[in-house]
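Read through the structure below, which is laid out as C-alpha cells, and then see the notes.
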Amino acid sequence: MKTIRTIRAKGRGAEQTERVLSALERRGGAALDAVLPAVKRIVAAVRKQGDRALFRYAKQFDGLTDTANLRITPEEMQAAWETIDSALRGALSTAADQIRGFAINQLPSSWSDSPIPGLMTGQLVRALASVGCYVPSGRHPLPSTLLMTVIPAQVAGVHRVVVVSPRPAPETLAAAHLLGIAEFYRIGGAHAVAALAYGTASVGRVDKIVGPGNLFVTAAKRLVAFDCAIDMLAGPTEIVVTSERGNAADIASDLVAQAEHDPEALAIFITTRADLAKAVVAEVKLRSRNNAVAREALSRNGLVIVASSVEEAREITNRLAPEHLTVDAPSDLDWVENAGSVFIGRWSAQPMGDYISGPNHTLPTGGMARVRGGLSVNDFVKLITVQQYSAQALRALGPKAALIANAEGLTAHAEAIRTRLKKRRPQ
C-alpha cells in the first residue's frame, strides 16, 4: 500500500526538496483550467437564458425533476430539525453559539476622530444587502459549512441571506432551520453560482457569493468575480503540522482527518527529527488503511519533510502558507506569518476547528494565506469613510492640499479648495 513519502531538506535530498517546495508554492488555480471551458458554457447559458438553463442543469446535475421543488420550504427545514437526533440538535446549537460569539468579537466598529480642531474623520460599518452561501453536498453532508457561512452574515446584519446546496442532507436542512434561513435552493455547481451572480426569475441575484465547492464551483466563482463579489477561491483542504515534540499518533490522526475530505487534499508534516518523521509515517499508514479517500490523498499529496534546522522548518512552513497549521506551543505564534488558522499543542485537534471552536473553517488554500485570512464577519460588511471640515480646519489643511493638487496638475481640485478659502466668512 502506498503511503506518505518522506523527503529531506539537506544533503542529497536538498535539491529535490527545493523543487517540491517551489511547485507547492505555485499550487492553486492551475487545476481550474481543465474545467473552465465547460464552466464558461454553463455560466453563459444561465446568464442569458435564466431559469430555462438553470432548470436544465439542475435536472442534469442535481437530480431536480420538479422545478416547483427548487426552493426549500420552511416546513421542510423544520421537519428535518425535528427528525434528527436530539444530541445532534444540541451539538449544532452549541456550534452555532460558538461561531456566533466569535463573529461578534470580530465585528469592526464605527468610529470618529478629531485629528485637528474642526475636522472630524471616521468610518461607518454597513452590512452588505445580500449574500449567497454555497454549501457543498457531495461525499458528506456539511451542516457545519452552512453554520460557518451564514452566521457571520447574520452577525454582520446582512438583510438577505440565500443558501444553495445540491441534494441537501437532512442535517443541513436542520441547521438551516436552526438559523432561521428563509431562502434555500436545492441547486449546486456552476449553474447555482451563475444564478446567484446574475439572477433568474426564480433566484434573485446577490451582492456576494461565499463558501467552498468543487472545481466547477470554484471556476464559476472566478468567472463571475468581476460582476459579483466573492470571498476567495477555495481549493482542496490543506494541513501542515510543524512539530519538534508532538505525539506521532496525534499528528497522524490530524493528517488523515484532513486528507479524508478530498483525494486532492494536501497533508504535510515538517520536523527536524528523523525518528518522529518515521513514527508519523507508520501511524499514517496504520490510520488510513480503512479510509480510501484519505489513503488516495496521502499517496498523491502526502509529504513528510525532514528539515536541517528548526529555523528551516519554520521558513518552509511560511513558504507553504497552509490552510490549517498545527504547532507545538503558543510561542510558535511569534514566527508564524502565513496560515489560515493555527492550532496549538496536542489537544487542539484540527477537526475541532472544522466544527465547534468558533473561528471559521472556510479558509484560504493554494497559498492564499499569504494575503488573507479565513472567512469572517468582515467579509459581509463594508467600511464607509466620513470627513467633515469646519472653516478653521479648512484654513489649517486646505493650502497644503491645494499645493499637492497643483503638483499633480489638477488645477480644478486646487480651485475647489481655494474658492472656499477666499470667502471672508466660510460656512
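By order of appearance in the C-alpha cells: chains A, B, ..., then residues from 1 within every chain, and ligands from 1 in the order shown.
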With a distance cut-off of 10 Å and only C-alpha atoms, select the neighbouring residues of Glu312 of chain A, excluding the residue or stretch itself and same-chain residues fewer than 6 positions from it, and output the selection as a PDB file with N, CA, C and O atoms, in the first residue's frame.
```
ATOM      1  N   ALA A   9      15.497  17.959   3.587  1.00  0.00           N
ATOM      2  CA  ALA A   9      15.888  19.285   3.116  1.00  0.00           C
ATOM      3  C   ALA A   9      17.380  19.524   3.247  1.00  0.00           C
ATOM      4  O   ALA A   9      17.838  20.658   3.282  1.00  0.00           O
ATOM      5  N   ILE A 270       6.211  18.586   8.950  1.00  0.00           N
ATOM      6  CA  ILE A 270       7.554  19.166   8.886  1.00  0.00           C
ATOM      7  C   ILE A 270       8.206  19.056  10.258  1.00  0.00           C
ATOM      8  O   ILE A 270       7.611  19.436  11.278  1.00  0.00           O
ATOM      9  N   THR A 271       9.429  18.536  10.297  1.00  0.00           N
ATOM     10  CA  THR A 271      10.154  18.378  11.550  1.00  0.00           C
ATOM     11  C   THR A 271      11.642  18.295  11.255  1.00  0.00           C
ATOM     12  O   THR A 271      12.037  18.086  10.098  1.00  0.00           O
ATOM     13  N   THR A 272      12.468  18.424  12.285  1.00  0.00           N
ATOM     14  CA  THR A 272      13.902  18.159  12.133  1.00  0.00           C
ATOM     15  C   THR A 272      14.253  16.759  12.613  1.00  0.00           C
ATOM     16  O   THR A 272      15.365  16.285  12.413  1.00  0.00           O
ATOM     17  N   VAL A 306      11.833  16.444   6.346  1.00  0.00           N
ATOM     18  CA  VAL A 306      12.802  16.485   7.439  1.00  0.00           C
ATOM     19  C   VAL A 306      13.738  17.662   7.174  1.00  0.00           C
ATOM     20  O   VAL A 306      14.570  17.614   6.261  1.00  0.00           O
ATOM     21  N   ASN A 318       6.150  28.779   6.409  1.00  0.00           N
ATOM     22  CA  ASN A 318       5.646  30.061   5.919  1.00  0.00           C
ATOM     23  C   ASN A 318       5.633  30.125   4.400  1.00  0.00           C
ATOM     24  O   ASN A 318       4.764  30.782   3.810  1.00  0.00           O
TER      25      ASN A 318
END
```
Selection: 12 Å around segment 142-144 of chain A, only C-alpha atoms, excl. self and same-chain fewer than 6 positions, as number ranges by chain: A: 80-81, 88-89, 91-96, 98-99, 134-136, 150-151, 163, 165-179, 211-213, 261, 351-362
Measuring atom to atom with only C-alpha atoms, identify which of A:Cys228, A:Leu54, A:Leu64, A:Val35 is nearest to Thr200 of chain A.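 Between A:Cys228, A:Leu54, A:Leu64, A:Val35, the residue approaching Thr200 of chain A most closely is A:Leu54.
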Find the residues of segment 346-407 of chain A that sit at most 10 Å from segment 243-251 of chain A; for each, write down the nearest two atoms and how far apart they are in Å, to one decimal. Count only C-alpha atoms. Sort by chain, then by number going up, and give it as a tab-separated table.
```
residue	atom	partner	partner_atom	distance
A:Arg346	CA	A:Gly246	CA	6.6
A:Trp347	CA	A:Asp250	CA	8.5
A:Ser348	CA	A:Asp250	CA	9.6
A:Ala349	CA	A:Asp250	CA	7.9
A:Gln350	CA	A:Ile251	CA	9.8
```
Close residues, segment 18-29 of chain A itself excluded, 8 Å, only C-alpha atoms, min 5 positions apart in chain, as an NGL selection string: :A and (9 or 235 or 316 or 319-320 or 365-367)
Just want the 9 Å neighbourhood of Thr67 of chain A, counted on only C-alpha atoms, with same-chain residues fewer than 5 positions away dropped. Output as a list in words.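 Contacts, in chain order: Phe55, Ala58 and Lys59 of chain A.
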Would you please extract all strand (DSSP E or B) residues from segment 19-199 of chain A, as assigned by DSSP on the backbone, and give them as a compact mmCIF listing (two decimals) with N, CA and C atoms, in the first residue's frame?
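Written output follows (out33.txt):
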```
# COMPACT_ATOMS: atom_id res chain seq x y z
N ARG A 71 -37.12 25.69 -4.53
CA ARG A 71 -36.97 26.39 -3.26
C ARG A 71 -37.47 25.51 -2.12
N TRP A 111 -16.47 54.53 14.04
CA TRP A 111 -15.75 55.41 14.96
C TRP A 111 -15.56 56.77 14.30
N SER A 112 -15.25 57.74 15.12
CA SER A 112 -14.91 59.07 14.61
C SER A 112 -13.78 59.64 15.45
N ASP A 113 -13.03 60.58 14.84
CA ASP A 113 -11.88 61.16 15.50
C ASP A 113 -11.77 62.62 15.07
N LEU A 119 -11.97 69.32 12.43
CA LEU A 119 -12.02 68.25 11.43
C LEU A 119 -12.49 66.96 12.11
N MET A 120 -13.53 66.38 11.54
CA MET A 120 -14.00 65.07 12.01
C MET A 120 -13.77 64.06 10.90
N THR A 121 -13.06 62.98 11.22
CA THR A 121 -12.93 61.87 10.28
C THR A 121 -13.38 60.60 10.99
N GLY A 122 -13.79 59.64 10.21
CA GLY A 122 -14.24 58.40 10.84
C GLY A 122 -14.67 57.38 9.81
N GLN A 123 -15.29 56.31 10.31
CA GLN A 123 -15.81 55.28 9.42
C GLN A 123 -17.15 54.78 9.91
N LEU A 124 -17.98 54.39 8.95
CA LEU A 124 -19.24 53.73 9.22
C LEU A 124 -19.13 52.28 8.80
N VAL A 125 -19.69 51.37 9.57
CA VAL A 125 -19.73 49.95 9.21
C VAL A 125 -21.15 49.64 8.75
N ARG A 126 -21.26 49.18 7.51
CA ARG A 126 -22.56 48.86 6.95
C ARG A 126 -22.55 47.46 6.37
N ALA A 127 -23.60 46.69 6.62
CA ALA A 127 -23.69 45.33 6.11
C ALA A 127 -23.98 45.33 4.62
N SER A 130 -27.10 41.69 0.41
CA SER A 130 -27.47 40.30 0.15
C SER A 130 -26.23 39.46 -0.12
N VAL A 131 -26.27 38.22 0.34
CA VAL A 131 -25.17 37.29 0.09
C VAL A 131 -25.74 35.92 -0.25
N GLY A 132 -24.96 35.17 -1.03
CA GLY A 132 -25.29 33.79 -1.33
C GLY A 132 -24.28 32.88 -0.66
N CYS A 133 -24.73 31.89 0.08
CA CYS A 133 -23.86 30.96 0.79
C CYS A 133 -23.91 29.60 0.10
N TYR A 134 -22.79 29.17 -0.44
CA TYR A 134 -22.72 27.87 -1.12
C TYR A 134 -22.33 26.81 -0.11
N ARG A 160 -30.54 39.92 3.46
CA ARG A 160 -30.99 38.77 2.67
C ARG A 160 -29.85 37.75 2.55
N VAL A 161 -30.04 36.60 3.17
CA VAL A 161 -29.05 35.53 3.13
C VAL A 161 -29.67 34.36 2.37
N VAL A 162 -29.04 33.98 1.26
CA VAL A 162 -29.54 32.92 0.39
C VAL A 162 -28.59 31.73 0.50
N VAL A 163 -29.14 30.53 0.66
CA VAL A 163 -28.32 29.32 0.71
C VAL A 163 -28.64 28.48 -0.52
N VAL A 164 -27.59 27.94 -1.14
CA VAL A 164 -27.77 26.95 -2.22
C VAL A 164 -26.97 25.71 -1.86
N GLU A 183 -34.47 31.62 2.63
CA GLU A 183 -34.29 31.37 1.20
C GLU A 183 -33.23 30.28 1.01
N PHE A 184 -33.67 29.11 0.56
CA PHE A 184 -32.78 27.96 0.41
C PHE A 184 -33.18 27.24 -0.87
N TYR A 185 -32.22 27.06 -1.79
CA TYR A 185 -32.50 26.41 -3.08
C TYR A 185 -31.68 25.14 -3.22
```
If you run DSSP over the backbone, which residues in segment 207-284 of chain A end up helix (DSSP H, G or I)? Put them as a ChimeraX atom specification. /A:215-224,248-259,274-284
Using only C-alpha atoms, which of A:Ala313, A:Ala265, A:Ala87, A:Ala412 sits nearest Lys10 of chain A?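 The closest residue to Lys10 of chain A is A:Ala313.
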My list of candidates is A:Leu397, A:Leu36, A:Leu298, A:Ile305. Which is closest to Gln16 of chain A when distances are computed with only C-alpha atoms?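 Counting only C-alpha atoms, the residue closest to Gln16 of chain A is A:Ile305.
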